[in-house]
$ cat coords-v3.pdb   # PDB, C-alpha atoms
ATOM      1  CA  MET C   1    -151.238 -67.681 -27.569
ATOM      2  CA  HIS C   2    -153.937 -66.745 -30.048
ATOM      3  CA  THR C   3    -152.723 -69.397 -32.504
ATOM      4  CA  THR C   4    -152.789 -72.136 -29.869
ATOM      5  CA  ILE C   5    -156.453 -71.366 -29.106
ATOM      6  CA  ILE C   6    -157.266 -71.532 -32.809
ATOM      7  CA  MET C   7    -155.344 -74.816 -33.139
ATOM      8  CA  THR C   8    -157.104 -76.432 -30.173
ATOM      9  CA  THR C   9    -160.487 -75.188 -31.436
ATOM     10  CA  PHE C  10    -159.690 -76.612 -34.864
ATOM     11  CA  ALA C  11    -158.680 -79.976 -33.305
ATOM     12  CA  VAL C  12    -161.927 -80.118 -31.278
ATOM     13  CA  MET C  13    -164.020 -79.167 -34.317
ATOM     14  CA  LYS C  14    -162.210 -81.803 -36.377
ATOM     15  CA  GLU C  15    -163.162 -84.458 -33.790
ATOM     16  CA  TYR C  16    -166.806 -83.305 -33.870
ATOM     17  CA  TYR C  17    -166.867 -83.500 -37.670
ATOM     18  CA  ILE C  18    -165.444 -87.011 -37.637
ATOM     19  CA  LEU C  19    -167.905 -88.062 -34.939
ATOM     20  CA  THR C  20    -170.822 -86.545 -36.893
ATOM     21  CA  ILE C  21    -169.784 -88.350 -40.081
ATOM     22  CA  LEU C  22    -169.476 -91.675 -38.226
ATOM     23  CA  VAL C  23    -172.944 -91.237 -36.700
ATOM     24  CA  LEU C  24    -174.459 -90.414 -40.089
ATOM     25  CA  PHE C  25    -172.920 -93.534 -41.625
ATOM     26  CA  ALA C  26    -174.029 -95.709 -38.699
ATOM     27  CA  LEU C  27    -177.706 -94.650 -38.887
ATOM     28  CA  PRO C  28    -178.559 -96.609 -42.052
ATOM     29  CA  LEU C  29    -176.828 -99.690 -40.636
ATOM     30  CA  SER C  30    -179.168 -99.813 -37.644
ATOM     31  CA  ALA C  31    -182.363 -99.334 -39.677
ATOM     32  CA  GLN C  32    -184.995-101.799 -38.606
ATOM     33  CA  LYS C  33    -188.525-102.550 -39.645
ATOM     34  CA  CYS C  34    -190.924-103.072 -36.759
ATOM     35  CA  PHE C  35    -194.357-104.621 -37.058
ATOM     36  CA  VAL C  36    -197.081-106.344 -35.039
ATOM     37  CA  VAL C  37    -198.109-109.982 -35.541
ATOM     38  CA  ALA C  38    -201.856-110.483 -34.933
ATOM     39  CA  ASP C  39    -204.563-113.142 -35.199
ATOM     40  CA  ILE C  40    -206.665-112.622 -38.332
ATOM     41  CA  GLU C  41    -209.920-113.665 -36.604
ATOM     42  CA  THR C  42    -209.678-111.795 -33.306
ATOM     43  CA  LEU C  43    -207.207-109.077 -34.391
ATOM     44  CA  SER C  44    -205.402-109.585 -31.081
ATOM     45  CA  PRO C  45    -201.584-109.567 -30.968
ATOM     46  CA  ILE C  46    -199.814-112.925 -30.773
ATOM     47  CA  SER C  47    -196.863-113.375 -28.434
ATOM     48  CA  ASP C  48    -193.944-115.805 -28.899
ATOM     49  CA  VAL C  49    -194.098-115.950 -32.705
ATOM     50  CA  SER C  50    -190.715-116.950 -34.171
ATOM     51  CA  VAL C  51    -189.670-114.583 -36.957
ATOM     52  CA  ARG C  52    -186.741-115.909 -39.008
ATOM     53  CA  SER C  53    -184.788-113.561 -41.228
ATOM     54  CA  LYS C  54    -181.318-113.370 -42.718
ATOM     55  CA  ALA C  55    -180.109-111.767 -39.493
ATOM     56  CA  GLY C  56    -181.384-114.570 -37.250
ATOM     57  CA  VAL C  57    -184.445-115.494 -35.215
ATOM     58  CA  GLU C  58    -186.483-112.971 -33.257
ATOM     59  CA  THR C  59    -189.607-113.610 -31.172
ATOM     60  CA  THR C  60    -192.554-111.318 -30.644
ATOM     61  CA  ASP C  61    -193.107-109.807 -27.229
ATOM     62  CA  SER C  62    -196.359-109.872 -25.238
ATOM     63  CA  MET C  63    -197.783-107.124 -27.466
ATOM     64  CA  GLY C  64    -196.909-109.001 -30.674
ATOM     65  CA  MET C  65    -194.162-106.511 -31.611
ATOM     66  CA  VAL C  66    -190.958-107.542 -33.348
ATOM     67  CA  CYS C  67    -188.200-105.639 -35.164
ATOM     68  CA  VAL C  68    -186.042-107.086 -37.939
ATOM     69  CA  PRO C  69    -183.279-105.455 -40.004
ATOM     70  CA  GLU C  70    -184.525-103.840 -43.217
ATOM     71  CA  ASP C  71    -181.822-105.519 -45.276
ATOM     72  CA  SER C  72    -183.604-108.864 -44.781
ATOM     73  CA  LYS C  73    -185.410-109.845 -47.962
ATOM     74  CA  SER C  74    -187.827-112.463 -46.600
ATOM     75  CA  LEU C  75    -189.373-113.500 -43.295
ATOM     76  CA  VAL C  76    -190.695-116.828 -42.038
ATOM     77  CA  LEU C  77    -193.244-116.556 -39.230
ATOM     78  CA  THR C  78    -194.011-119.685 -37.192
ATOM     79  CA  HIS C  79    -196.139-120.391 -34.126
ATOM     80  CA  LEU C  80    -197.476-123.609 -32.652
ATOM     81  CA  ASN C  81    -201.167-122.662 -32.974
ATOM     82  CA  TYR C  82    -200.927-120.804 -36.304
ATOM     83  CA  GLU C  83    -200.104-121.649 -39.905
ATOM     84  CA  SER C  84    -196.524-120.785 -40.890
ATOM     85  CA  ARG C  85    -196.124-117.911 -43.302
ATOM     86  CA  LEU C  86    -193.336-116.897 -45.690
ATOM     87  CA  LEU C  87    -193.377-113.348 -47.035
ATOM     88  CA  ASN C  88    -191.167-110.654 -48.518
ATOM     89  CA  ILE C  89    -190.301-107.811 -46.175
ATOM     90  CA  SER C  90    -191.247-105.336 -48.917
ATOM     91  CA  GLU C  91    -194.836-106.690 -48.789
ATOM     92  CA  THR C  92    -195.228-106.155 -45.047
ATOM     93  CA  GLY C  93    -197.070-103.232 -43.551
ATOM     94  CA  ASP C  94    -197.166-102.406 -39.874
ATOM     95  CA  THR C  95    -199.278-105.512 -39.089
ATOM     96  CA  ILE C  96    -198.912-109.127 -40.226
ATOM     97  CA  PHE C  97    -201.865-111.469 -39.736
ATOM     98  CA  LEU C  98    -201.600-115.204 -39.077
ATOM     99  CA  ILE C  99    -204.341-117.797 -39.610
ATOM    100  CA  SER C 100    -204.995-120.191 -36.732
ATOM    101  CA  LYS C 101    -204.680-123.921 -37.328
ATOM    102  CA  LEU C 102    -207.935-125.843 -37.413
ATOM    103  CA  SER C 103    -206.493-128.595 -35.260
ATOM    104  CA  SER C 104    -205.801-126.377 -32.257
ATOM    105  CA  LEU C 105    -208.078-127.239 -29.377
ATOM    106  CA  LYS C 106    -209.959-124.489 -27.575
ATOM    107  CA  GLU C 107    -211.808-126.683 -25.090
ATOM    108  CA  VAL C 108    -211.692-130.315 -24.035
ATOM    109  CA  VAL C 109    -214.595-132.133 -22.363
ATOM    110  CA  VAL C 110    -214.101-135.543 -20.756
ATOM    111  CA  PHE C 111    -217.010-137.794 -19.778
ATOM    112  CA  GLY C 112    -216.844-140.840 -17.564
ATOM    113  CA  LYS C 113    -219.371-143.535 -16.871
ATOM    114  CA  GLY C 114    -219.306-145.836 -13.893
ATOM    115  CA  LYS C 115    -216.223-147.123 -12.175
ATOM    116  CA  SER C 116    -214.271-150.313 -12.269
ATOM    117  CA  LYS C 117    -212.277-151.950  -9.510
ATOM    118  CA  GLU C 118    -209.793-153.542 -11.864
ATOM    119  CA  LEU C 119    -207.727-151.984 -14.632
ATOM    120  CA  PRO C 120    -207.593-153.687 -18.020
ATOM    121  CA  GLU C 121    -204.411-155.561 -18.872
ATOM    122  CA  PHE C 122    -203.155-153.021 -21.438
ATOM    123  CA  LEU C 123    -203.257-150.238 -18.811
ATOM    124  CA  LYS C 124    -201.126-152.238 -16.390
ATOM    125  CA  LYS C 125    -198.103-152.682 -18.646
ATOM    126  CA  PRO C 126    -195.855-149.700 -19.565
ATOM    127  CA  LEU C 127    -196.037-148.215 -23.049
ATOM    128  CA  VAL C 128    -192.272-148.081 -23.512
ATOM    129  CA  SER C 129    -189.544-150.370 -22.325
ATOM    130  CA  LYS C 130    -187.198-149.278 -19.557
ATOM    131  CA  THR C 131    -184.285-148.703 -21.974
ATOM    132  CA  ASP C 132    -186.455-146.668 -24.367
ATOM    133  CA  ALA C 133    -187.654-144.540 -21.456
ATOM    134  CA  GLN C 134    -184.046-143.928 -20.420
ATOM    135  CA  LEU C 135    -183.109-142.983 -23.976
ATOM    136  CA  LEU C 136    -186.055-140.614 -24.181
ATOM    137  CA  GLY C 137    -185.091-139.096 -20.848
ATOM    138  CA  THR C 138    -188.384-139.857 -19.180
ATOM    139  CA  ALA C 139    -188.772-141.534 -15.840
ATOM    140  CA  GLN C 140    -190.228-145.032 -15.937
ATOM    141  CA  GLY C 141    -193.099-145.158 -13.524
ATOM    142  CA  GLY C 142    -196.456-146.645 -12.902
ATOM    143  CA  GLY C 143    -198.217-143.602 -14.323
ATOM    144  CA  PHE C 144    -201.745-143.545 -15.648
ATOM    145  CA  ASN C 145    -202.182-144.348 -19.358
ATOM    146  CA  ILE C 146    -204.977-142.014 -20.519
ATOM    147  CA  LEU C 147    -204.695-142.982 -24.203
ATOM    148  CA  GLY C 148    -205.036-146.650 -23.362
ATOM    149  CA  LEU C 149    -208.125-145.857 -21.280
ATOM    150  CA  ILE C 150    -209.694-143.888 -24.133
ATOM    151  CA  ASN C 151    -208.955-146.762 -26.529
ATOM    152  CA  TYR C 152    -210.626-149.191 -24.109
ATOM    153  CA  ILE C 153    -213.727-147.022 -23.518
ATOM    154  CA  ILE C 154    -214.564-145.923 -27.075
ATOM    155  CA  PRO C 155    -216.161-148.700 -29.164
ATOM    156  CA  LYS C 156    -214.517-149.517 -32.501
ATOM    157  CA  SER C 157    -217.668-148.516 -34.376
ATOM    158  CA  TRP C 158    -217.293-144.924 -33.103
ATOM    159  CA  ARG C 159    -213.639-144.602 -34.079
ATOM    160  CA  LYS C 160    -212.618-142.799 -37.203
ATOM    161  CA  THR C 161    -211.117-145.028 -39.858
ATOM    162  CA  SER C 162    -208.069-143.974 -41.810
ATOM    163  CA  LYS C 163    -208.242-142.886 -45.457
ATOM    164  CA  LYS C 164    -206.400-146.025 -46.462
ATOM    165  CA  GLN C 165    -208.861-148.243 -44.594
ATOM    166  CA  ARG C 166    -211.856-146.400 -46.099
ATOM    167  CA  ALA C 167    -210.378-146.780 -49.598
ATOM    168  CA  LYS C 168    -209.969-150.536 -49.030
ATOM    169  CA  GLU C 169    -213.566-150.813 -47.818
ATOM    170  CA  GLN C 170    -214.846-148.841 -50.819
ATOM    171  CA  ALA C 171    -212.857-151.081 -53.194
ATOM    172  CA  LYS C 172    -214.332-154.188 -51.527
ATOM    173  CA  ASP C 173    -217.858-152.759 -51.831
ATOM    174  CA  ILE C 174    -217.351-151.914 -55.532
ATOM    175  CA  LEU C 175    -216.018-155.412 -56.277
ATOM    176  CA  LYS C 176    -218.827-157.012 -54.281
ATOM    177  CA  ASN C 177    -221.536-155.032 -56.107
ATOM    178  CA  TYR C 178    -219.928-155.562 -59.520
TER     179      TYR C 178
END
$ encode --input "coords-v3.pdb" --output "structure tokens"
Amino acid sequence: MHTTIIMTTFAVMKEYYILTILVLFALPLSAQKCFVVADIETLSPISDVSVRSKAGVETTDSMGMVCVPEDSKSLVLTHLNYESRLLNISETGDTIFLISKLSSLKEVVVFGKGKSKELPEFLKKPLVSKTDAQLLGTAQGGGFNILGLINYIIPKSWRKTSKKQRAKEQAKDILKNY
């Protein structure tokens, strides 16, 4: 009877040793590096930043927190309103800062002057054909064309010319003055 108690105790202890060894080996496998992604100007956390690593794509939560496996060598951080950033995971601290894009709009102001009873001809016709609209998956309708209205309202002298157009004009001026 005494030997059976020792044998069962030994069997239970053996299972605990095996379980302890498995847990110790599994701990390094689940090691992750967590950090916060923040705006460099306001120092506020940024949500919904895509963080690509070797393991896959993670997104930051509402507090800007994200965790990636430590075995990843590099990270690519992307967001619609911020410049993309590629960095080594060894260079990261607990916070990664992103620079906002200059083209992101903070505020839009629209002015209108007077009213017209009749729409111009280019606002009456659709921008895309019916088949193109079906291919794009958009419904063809008699919607309002805001870009066409802006093009009609703003005089050509106020519009920004392209770099190519400015270069042509400069070349013409140089040849004319030569």
$ atom_distance --input "coords-v3.pdb" --atom1 "atom CA of Val68 of chain C" --atom2 "atom CA of Phe35 of chain C"
8.7 Å
$ resolve_selection --input "coords-v3.pdb" --expression "the PyMOL selection byres ((chain C and resi 32) around 7)" --output "PyMOL selection string"
chain C and resi 30-31+33-34+67-70
$ atom_distance --input "coords-v3.pdb" --atom1 "atom CA of Asp61 of chain C" --atom2 "atom CA of Thr95 of chain C"
14.0 Å
$ closest_residue --input "coords-v3.pdb" --among "C:Lys101, C:Lys164, C:Lys73, C:Lys113" --to "Asp39 of chain C" --atoms "only C-alpha atoms"
C:Lys101
$ resolve_selection --input "coords-v3.pdb" --expression "the PyMOL selection byres ((chain C and resi 50) around 6)" --output "PyMOL selection string"
chain C and resi 49+51+58-59+77-78
$ residues_around --input "coords-v3.pdb" --residues "Pro45 of chain C" --least-positions-apart "3" --cutoff "7 Å" --atoms "only C-alpha atoms" --output "PyMOL selection string"
chain C and resi 36-39+63-64
$ atom_distance --input "coords-v3.pdb" --atom1 "atom CA of Glu121 of chain C" --atom2 "atom CA of Ile154 of chain C"
16.2 Å
$ closest_residue --input "coords-v3.pdb" --among "C:Leu75, C:Met65, C:Leu149, C:Leu102" --to "Ile46 of chain C" --atoms "only C-alpha atoms"
C:Met65
$ closest_residue --input "coords-v3.pdb" --among "C:Asp48, C:Ile153, C:Asn81, C:Thr42" --to "Val66 of chain C" --atoms "only C-alpha atoms"
C:Asp48
$ resolve_selection --input "coords-v3.pdb" --expression "the PyMOL selection byres ((chain C and resi 99) around 8)" --output "list in words"
Asp39, Ile40, Glu41, Tyr82, Glu83, Phe97, Leu98, Ser100 and Lys101 of chain C
$ axis_aligned_box --input "coords-v3.pdb" --around "segment 76-90 of chain C" --padding-each-side "5 Å" --output "lines of an AutoDock Vina configuration file"
center_x = -195.7
center_y = -114.5
center_z = -40.8
size_x = 20.9
size_y = 28.3
size_z = 26.3
